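One structure below.
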Amino acid sequence: MIKDLDFDFRASARRTLTLERDAIEALVPRLDAGFDHACRLVLACQGRVVVTGMGKSGHIARKLAATLASTGTPAFFLHPGEASHGDLGMLTERDVVIALSHSGETREVTELLPLFKRKGVAVIALSGRRASTLGRHADAFLDGGVEKEACPLNLAPTSSTTAALALGDALAIALLEARGFGIEDFALSHPGGSLGRQLLLTVADVMHEGEEIPCVSPGDSVRDTLFEITEKGLGFACVVDAERHLLGIYTDGDLRRTLDRRIDLDSVPIEQVMTSTPLSVTPSMLAAEALRIMEKRSITALAVLDPERRLVGALKVQDLLNRGVV
């Protein structure tokens, strides 16, 4: 095969992107009552959404199932070829099927239609031909038709798969909004991602506890407090009473101010030089919110108090950054 190294690759790419953009734009005016019906079928579903498709449509179907599952709609992909060899047993009468086939005549998909009907499940077709076998036997039809493929031979699925991908996303997001699926719900579906870390981690998950907390009594000297800060390595100390109620904190900034005043480190009690109105957080506060407080007030450490304002933890900004809270 002859290879034309002087071929205008960018012109070809621009043509492909333009055709696929046009294919997506053409979907907008074709959204009709069928889209609404499809959404209502999914929202009323008592089971799961089963997405199926063959070949390139199968790849799009897998992505649609994953998008639905991560945005509040329980879903999984069913390979149509495997379905007739036992996997159809995963389908229940409480489920809804979304079947993808641009032609609407894909044999592996259309052969399942009688089985879907026998189980009594609703079928949503995402296809390019309403008059096709799939389109005619579906309970709801999503029109993903395209004028032509980006492939110059009009053979390789390109514009059609892009349109199906976009229409599937439109369905998933419409369902997300209708369910009131929020950012906290998304985080629960993505606990390993940065969003999950921001929204699921609390201060209690990150804070230092017990013997790790640098604590002194109000009568302890400044020097004793500095020893405690050095030993615990958090850069500050909490001043507490006998019941561990927080009275104040002493930080590096307080030490600089103490030295400027030429105060005797051995004789002056820490209660005379501490910050007596420090900011604090609670164990149940989201770690991301604690980080925002630190950034807003330009501080690097916080005391953690229970509802009775007793000291239960200490929090450093580096602890949050190390856990991926941003």
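For the structure tokens, the naming scheme is as follows: chains receive sequential letters (A, B, ...) according to their order of presentation, residues are indexed from 1 within each chain, and ligands are indexed from 1 in presentation order.
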
Applying 8 Å and only C-alpha atoms, which residues near Pro214 in chain A remain after dropping the ones on its own chain fewer than 4 positions away? List them as an mmCIF file with N, CA, C and O atoms, in the first residue's frame.
data_model
loop_
_atom_site.group_PDB
_atom_site.id
_atom_site.type_symbol
_atom_site.label_atom_id
_atom_site.label_comp_id
_atom_site.auth_asym_id
_atom_site.auth_seq_id
_atom_site.Cartn_x
_atom_site.Cartn_y
_atom_site.Cartn_z
ATOM 1 N N GLU A 228 7.318 20.637 74.527
ATOM 2 C CA GLU A 228 6.170 19.831 74.075
ATOM 3 C C GLU A 228 5.974 19.954 72.576
ATOM 4 O O GLU A 228 5.700 18.960 71.877
ATOM 5 N N ILE A 229 6.098 21.158 72.047
ATOM 6 C CA ILE A 229 5.959 21.375 70.607
ATOM 7 C C ILE A 229 7.026 20.592 69.849
ATOM 8 O O ILE A 229 6.744 19.932 68.836
ATOM 9 N N LYS A 232 6.314 16.664 70.019
ATOM 10 C CA LYS A 232 5.183 16.157 69.228
ATOM 11 C C LYS A 232 5.325 16.491 67.745
ATOM 12 O O LYS A 232 4.705 15.825 66.904
ATOM 13 N N LEU A 234 4.294 18.943 65.746
ATOM 14 C CA LEU A 234 3.200 19.503 64.950
ATOM 15 C C LEU A 234 3.306 21.019 64.774
ATOM 16 O O LEU A 234 2.489 21.619 64.085
ATOM 17 N N PHE A 236 2.835 23.389 67.026
ATOM 18 C CA PHE A 236 2.012 24.184 67.937
ATOM 19 C C PHE A 236 1.643 23.335 69.138
ATOM 20 O O PHE A 236 1.813 22.100 69.124
ATOM 21 N N ALA A 237 1.124 23.990 70.159
ATOM 22 C CA ALA A 237 0.669 23.274 71.354
ATOM 23 C C ALA A 237 -0.684 23.831 71.780
ATOM 24 O O ALA A 237 -0.970 25.015 71.597
ATOM 25 N N CYS A 238 -1.515 22.955 72.341
ATOM 26 C CA CYS A 238 -2.823 23.353 72.844
ATOM 27 C C CYS A 238 -2.736 23.530 74.362
ATOM 28 O O CYS A 238 -2.143 22.699 75.057
ATOM 29 N N ALA A 314 -5.695 17.130 66.891
ATOM 30 C CA ALA A 314 -4.911 18.229 66.338
ATOM 31 C C ALA A 314 -4.748 17.988 64.849
ATOM 32 O O ALA A 314 -4.547 16.841 64.413
#

- Task: Considering only C-alpha atoms, return as a list of chain:residue names whatever protein or nucleic-acid residues lie within 10 Å of Gly235 in chain A, sequence-local ones (same chain, fewer than 5 positions apart) excluded.
- Result: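 Counting only the stated atoms, we get A:Pro214, A:Leu226, A:Glu228, A:Ile229, A:Thr230, A:Tyr250, A:Thr251, A:Asp252, A:Gly253, A:Thr300, A:Ala301, A:Lys316.
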
Restricted to C-alpha atoms, what would the selected residues look like written as an mmCIF file, in the first residue's frame?
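Okay, result.cif is ready:
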data_model
loop_
_atom_site.group_PDB
_atom_site.id
_atom_site.type_symbol
_atom_site.label_atom_id
_atom_site.label_comp_id
_atom_site.auth_asym_id
_atom_site.auth_seq_id
_atom_site.Cartn_x
_atom_site.Cartn_y
_atom_site.Cartn_z
ATOM 1 C CA PRO A 214 0.737 18.503 71.957
ATOM 2 C CA LEU A 226 8.410 24.666 73.486
ATOM 3 C CA GLU A 228 6.170 19.831 74.075
ATOM 4 C CA ILE A 229 5.959 21.375 70.607
ATOM 5 C CA THR A 230 9.353 19.947 69.693
ATOM 6 C CA TYR A 250 0.691 28.534 71.145
ATOM 7 C CA THR A 251 2.255 28.587 67.687
ATOM 8 C CA ASP A 252 5.463 29.577 65.961
ATOM 9 C CA GLY A 253 3.959 33.006 65.406
ATOM 10 C CA THR A 300 -1.278 25.734 59.226
ATOM 11 C CA ALA A 301 -2.778 24.036 62.303
ATOM 12 C CA LYS A 316 -1.981 20.074 60.397
#

- Message: as a PyMOL selection string, please: the residues near Pro269 in chain A (cut-off 6 Å, only C-alpha atoms, same-chain neighbours under 3 positions excluded).
- Response: chain A and resi 219-221+272

- Task: Find the residues near Ala65 in chain A: any atom within 10 Å, counting only C-alpha atoms, skip ones fewer than 5 places away on the same chain, and give them as a VMD selection string.
- Result: chain A and resid 49 to 52 60 70 73 to 78 98 168 172

Contact residues around Glu20 in chain A with only C-alpha atoms at 7 Å, ignoring same-chain residues under 6 positions, as a PDB file with C-alpha atoms, in the first residue's frame:
ATOM      1  CA  ALA A 150     -16.960  10.689   8.939  1.00  0.00           C
ATOM      2  CA  SER A 159     -20.243   9.919  13.244  1.00  0.00           C
ATOM      3  CA  THR A 162     -20.136   9.734  18.323  1.00  0.00           C
TER       4      THR A 162
END

- Task: Tell me which protein, DNA and RNA residues are within 12 Å of Gly104 in chain A, counting only C-alpha atoms, leaving out same-chain ones fewer than 2 positions away, and put them as a VMD selection string.
- Result: chain A and resid 53 to 54 57 99 to 102 106 to 111 113 124 to 138 141 to 145

Give me a file of those residues, with N, CA and C atoms, as a short mmCIF file (atom, residue, chain, number, x, y, z; two decimals), in the first residue's frame.
data_model
loop_
_atom_site.label_atom_id
_atom_site.label_comp_id
_atom_site.auth_asym_id
_atom_site.auth_seq_id
_atom_site.Cartn_x
_atom_site.Cartn_y
_atom_site.Cartn_z
N GLY A 53 -25.36 -3.99 23.12
CA GLY A 53 -24.98 -3.56 21.78
C GLY A 53 -23.84 -4.42 21.28
N MET A 54 -23.68 -4.48 19.98
CA MET A 54 -22.68 -5.35 19.36
C MET A 54 -21.64 -4.50 18.64
N SER A 57 -21.02 -0.39 18.53
CA SER A 57 -22.14 0.01 19.38
C SER A 57 -22.03 -0.61 20.76
N ALA A 99 -31.02 -0.84 24.17
CA ALA A 99 -30.34 -1.58 23.10
C ALA A 99 -29.81 -0.60 22.05
N LEU A 100 -28.52 -0.73 21.74
CA LEU A 100 -27.89 0.15 20.75
C LEU A 100 -27.59 -0.61 19.47
N SER A 101 -28.04 -0.06 18.37
CA SER A 101 -27.72 -0.59 17.03
C SER A 101 -28.04 0.52 16.04
N HIS A 102 -27.02 1.01 15.34
CA HIS A 102 -27.27 2.12 14.43
C HIS A 102 -28.23 1.71 13.32
N THR A 106 -29.07 -5.26 13.76
CA THR A 106 -27.99 -6.13 14.22
C THR A 106 -28.59 -7.43 14.74
N ARG A 107 -28.20 -8.56 14.09
CA ARG A 107 -28.85 -9.83 14.37
C ARG A 107 -28.76 -10.23 15.84
N GLU A 108 -27.58 -10.06 16.43
CA GLU A 108 -27.41 -10.48 17.82
C GLU A 108 -28.32 -9.71 18.78
N VAL A 109 -28.67 -8.48 18.38
CA VAL A 109 -29.54 -7.66 19.22
C VAL A 109 -31.01 -7.96 18.93
N THR A 110 -31.38 -8.02 17.65
CA THR A 110 -32.80 -8.22 17.32
C THR A 110 -33.29 -9.61 17.74
N GLU A 111 -32.39 -10.59 17.77
CA GLU A 111 -32.81 -11.93 18.19
C GLU A 111 -33.17 -11.97 19.68
N LEU A 113 -34.96 -9.57 21.12
CA LEU A 113 -36.21 -8.84 21.35
C LEU A 113 -37.36 -9.73 21.85
N ILE A 124 -35.68 0.21 25.41
CA ILE A 124 -35.41 1.52 24.83
C ILE A 124 -34.40 1.31 23.71
N ALA A 125 -34.73 1.76 22.52
CA ALA A 125 -33.84 1.62 21.37
C ALA A 125 -33.07 2.91 21.15
N LEU A 126 -31.76 2.81 21.02
CA LEU A 126 -30.95 3.94 20.60
C LEU A 126 -30.40 3.55 19.24
N SER A 127 -31.02 4.10 18.20
CA SER A 127 -30.76 3.63 16.84
C SER A 127 -30.86 4.77 15.84
N GLY A 128 -30.37 4.51 14.65
CA GLY A 128 -30.45 5.51 13.60
C GLY A 128 -31.65 5.35 12.70
N ARG A 129 -32.44 4.28 12.92
CA ARG A 129 -33.59 4.02 12.04
C ARG A 129 -34.81 3.64 12.86
N ARG A 130 -35.78 4.54 12.87
CA ARG A 130 -37.01 4.29 13.62
C ARG A 130 -37.80 3.14 13.03
N ALA A 131 -37.72 2.97 11.70
CA ALA A 131 -38.50 1.93 11.02
C ALA A 131 -37.81 0.57 11.05
N SER A 132 -36.69 0.46 11.71
CA SER A 132 -35.96 -0.80 11.77
C SER A 132 -36.67 -1.79 12.69
N THR A 133 -36.20 -3.03 12.67
CA THR A 133 -36.76 -4.05 13.56
C THR A 133 -36.67 -3.62 15.02
N LEU A 134 -35.50 -3.12 15.42
CA LEU A 134 -35.32 -2.67 16.80
C LEU A 134 -36.22 -1.48 17.11
N GLY A 135 -36.25 -0.50 16.19
CA GLY A 135 -37.06 0.69 16.42
C GLY A 135 -38.53 0.39 16.53
N ARG A 136 -39.03 -0.53 15.70
CA ARG A 136 -40.46 -0.84 15.68
C ARG A 136 -40.92 -1.60 16.91
N HIS A 137 -40.02 -2.37 17.52
CA HIS A 137 -40.41 -3.21 18.65
C HIS A 137 -39.99 -2.62 20.00
N ALA A 138 -39.45 -1.43 19.98
CA ALA A 138 -39.02 -0.81 21.24
C ALA A 138 -40.18 -0.06 21.88
N PHE A 141 -38.01 5.19 21.69
CA PHE A 141 -37.00 5.28 20.63
C PHE A 141 -36.19 6.55 20.78
N LEU A 142 -34.87 6.41 20.79
CA LEU A 142 -33.95 7.54 20.82
C LEU A 142 -33.29 7.62 19.46
N ASP A 143 -33.52 8.71 18.74
CA ASP A 143 -33.05 8.85 17.37
C ASP A 143 -31.60 9.32 17.34
N GLY A 144 -30.70 8.38 17.04
CA GLY A 144 -29.28 8.70 16.93
C GLY A 144 -28.79 8.65 15.50
N GLY A 145 -29.68 8.87 14.55
CA GLY A 145 -29.30 8.80 13.15
C GLY A 145 -28.35 9.90 12.72
#

- Residue with smallest distance to Ser160 in chain A - pool A:Asp260, A:Asp22, A:Asp266, A:Asp87, counting only C-alpha atoms: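 Selected residue with least distance to Ser160 in chain A: A:Asp22.
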
Just the strand (DSSP E or B) stuff from range 201-269 of chain A, please, per backbone DSSP, written as a PDB file with N, CA, C and O atoms, in the first residue's frame.
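The resulting file, out20.pdb, is reproduced below:
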ATOM      1  N   THR A 202     -13.402  13.078  56.650  1.00  0.00           N
ATOM      2  CA  THR A 202     -13.709  14.058  57.690  1.00  0.00           C
ATOM      3  C   THR A 202     -12.433  14.376  58.468  1.00  0.00           C
ATOM      4  O   THR A 202     -11.406  13.697  58.325  1.00  0.00           O
ATOM      5  N   HIS A 208      -4.617  14.045  64.372  1.00  0.00           N
ATOM      6  CA  HIS A 208      -3.790  13.355  65.361  1.00  0.00           C
ATOM      7  C   HIS A 208      -4.592  13.224  66.660  1.00  0.00           C
ATOM      8  O   HIS A 208      -5.305  14.148  67.051  1.00  0.00           O
ATOM      9  N   CYS A 215      -0.034  19.007  74.214  1.00  0.00           N
ATOM     10  CA  CYS A 215      -0.872  19.657  75.233  1.00  0.00           C
ATOM     11  C   CYS A 215      -0.028  20.162  76.402  1.00  0.00           C
ATOM     12  O   CYS A 215       0.915  19.494  76.814  1.00  0.00           O
ATOM     13  N   VAL A 216      -0.410  21.323  76.905  1.00  0.00           N
ATOM     14  CA  VAL A 216       0.208  21.850  78.127  1.00  0.00           C
ATOM     15  C   VAL A 216      -0.891  22.450  78.996  1.00  0.00           C
ATOM     16  O   VAL A 216      -1.997  22.720  78.526  1.00  0.00           O
ATOM     17  N   SER A 221       5.407  26.748  81.832  1.00  0.00           N
ATOM     18  CA  SER A 221       6.217  27.847  81.302  1.00  0.00           C
ATOM     19  C   SER A 221       6.276  27.799  79.787  1.00  0.00           C
ATOM     20  O   SER A 221       5.952  26.776  79.161  1.00  0.00           O
ATOM     21  N   PHE A 236       2.835  23.389  67.026  1.00  0.00           N
ATOM     22  CA  PHE A 236       2.012  24.184  67.937  1.00  0.00           C
ATOM     23  C   PHE A 236       1.643  23.335  69.138  1.00  0.00           C
ATOM     24  O   PHE A 236       1.813  22.100  69.124  1.00  0.00           O
ATOM     25  N   ALA A 237       1.124  23.990  70.159  1.00  0.00           N
ATOM     26  CA  ALA A 237       0.669  23.274  71.354  1.00  0.00           C
ATOM     27  C   ALA A 237      -0.684  23.831  71.780  1.00  0.00           C
ATOM     28  O   ALA A 237      -0.970  25.015  71.597  1.00  0.00           O
ATOM     29  N   CYS A 238      -1.515  22.955  72.341  1.00  0.00           N
ATOM     30  CA  CYS A 238      -2.823  23.353  72.844  1.00  0.00           C
ATOM     31  C   CYS A 238      -2.736  23.530  74.362  1.00  0.00           C
ATOM     32  O   CYS A 238      -2.143  22.699  75.057  1.00  0.00           O
ATOM     33  N   VAL A 239      -3.329  24.594  74.846  1.00  0.00           N
ATOM     34  CA  VAL A 239      -3.363  24.867  76.283  1.00  0.00           C
ATOM     35  C   VAL A 239      -4.749  24.466  76.781  1.00  0.00           C
ATOM     36  O   VAL A 239      -5.764  25.005  76.314  1.00  0.00           O
ATOM     37  N   VAL A 240      -4.790  23.514  77.722  1.00  0.00           N
ATOM     38  CA  VAL A 240      -6.072  22.973  78.173  1.00  0.00           C
ATOM     39  C   VAL A 240      -6.148  22.982  79.694  1.00  0.00           C
ATOM     40  O   VAL A 240      -5.130  22.988  80.389  1.00  0.00           O
ATOM     41  N   HIS A 245     -10.655  21.149  78.363  1.00  0.00           N
ATOM     42  CA  HIS A 245     -11.281  22.222  77.605  1.00  0.00           C
ATOM     43  C   HIS A 245     -10.182  23.123  77.051  1.00  0.00           C
ATOM     44  O   HIS A 245      -9.223  23.459  77.746  1.00  0.00           O
ATOM     45  N   LEU A 246     -10.313  23.512  75.787  1.00  0.00           N
ATOM     46  CA  LEU A 246      -9.284  24.319  75.140  1.00  0.00           C
ATOM     47  C   LEU A 246      -9.331  25.755  75.670  1.00  0.00           C
ATOM     48  O   LEU A 246     -10.362  26.418  75.628  1.00  0.00           O
ATOM     49  N   LEU A 247      -8.197  26.224  76.149  1.00  0.00           N
ATOM     50  CA  LEU A 247      -8.075  27.597  76.643  1.00  0.00           C
ATOM     51  C   LEU A 247      -7.344  28.488  75.638  1.00  0.00           C
ATOM     52  O   LEU A 247      -7.547  29.698  75.614  1.00  0.00           O
ATOM     53  N   GLY A 248      -6.504  27.875  74.830  1.00  0.00           N
ATOM     54  CA  GLY A 248      -5.739  28.645  73.856  1.00  0.00           C
ATOM     55  C   GLY A 248      -4.746  27.751  73.145  1.00  0.00           C
ATOM     56  O   GLY A 248      -4.636  26.548  73.420  1.00  0.00           O
ATOM     57  N   ILE A 249      -4.001  28.334  72.198  1.00  0.00           N
ATOM     58  CA  ILE A 249      -2.942  27.594  71.524  1.00  0.00           C
ATOM     59  C   ILE A 249      -1.696  28.477  71.481  1.00  0.00           C
ATOM     60  O   ILE A 249      -1.768  29.710  71.631  1.00  0.00           O
ATOM     61  N   TYR A 250      -0.573  27.815  71.254  1.00  0.00           N
ATOM     62  CA  TYR A 250       0.691  28.534  71.145  1.00  0.00           C
ATOM     63  C   TYR A 250       1.398  28.031  69.901  1.00  0.00           C
ATOM     64  O   TYR A 250       1.662  26.828  69.759  1.00  0.00           O
ATOM     65  N   THR A 251       1.701  28.941  68.987  1.00  0.00           N
ATOM     66  CA  THR A 251       2.255  28.587  67.687  1.00  0.00           C
ATOM     67  C   THR A 251       3.617  29.234  67.471  1.00  0.00           C
ATOM     68  O   THR A 251       4.106  30.007  68.311  1.00  0.00           O
ATOM     69  N   PRO A 269       4.193  32.047  82.599  1.00  0.00           N
ATOM     70  CA  PRO A 269       3.294  30.937  82.233  1.00  0.00           C
ATOM     71  C   PRO A 269       2.731  31.129  80.834  1.00  0.00           C
ATOM     72  O   PRO A 269       2.533  32.249  80.376  1.00  0.00           O
TER      73      PRO A 269
END

- Message: I need the residues in range 166-326 of chain A that are helix (DSSP H, G or I) according to DSSP; give them as a PyMOL selection string.
- Response: chain A and resi 166-179+183-189+194-200+203-206+210-212+222-232+252-260+270-272+287-297+317-322

- Message: For a test of reading the model, state the distance in Å between CA of Ser280 in chain A and CA of Leu311 in chain A, rounded to one decimal.
- Response: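 Between these atoms lies a distance of 9.6 Å.
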
- CA of Leu27 in chain A to CA of Ala122 in chain A: how many Å, to one decimal? 23.2 Å

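Summary of the local environment: counting only C-alpha atoms, residues at most 12 Å from Asp319 in chain A, other than itself and those fewer than 2 positions away along its chain, are Leu201, Thr202, Val203, Ala204, Asp205, Val206, Met207, His208, Leu234, Ala287, Ala288, Ala290, Leu291, Thr300, Ala301, Leu302, Ala314, Leu315, Lys316, Val317, Leu321, Asn322, Arg323, Gly324, Val325 and Val326 of chain A.
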
- Go through A:Pro278, A:Pro152, A:Gly58, A:Gly210 and flag the residue nearest Val312 in chain A, using only C-alpha atoms for the distances. A:Gly210

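Between CA of Lys148 in chain A and CA of Leu68 in chain A lies a distance of 27.8 Å.
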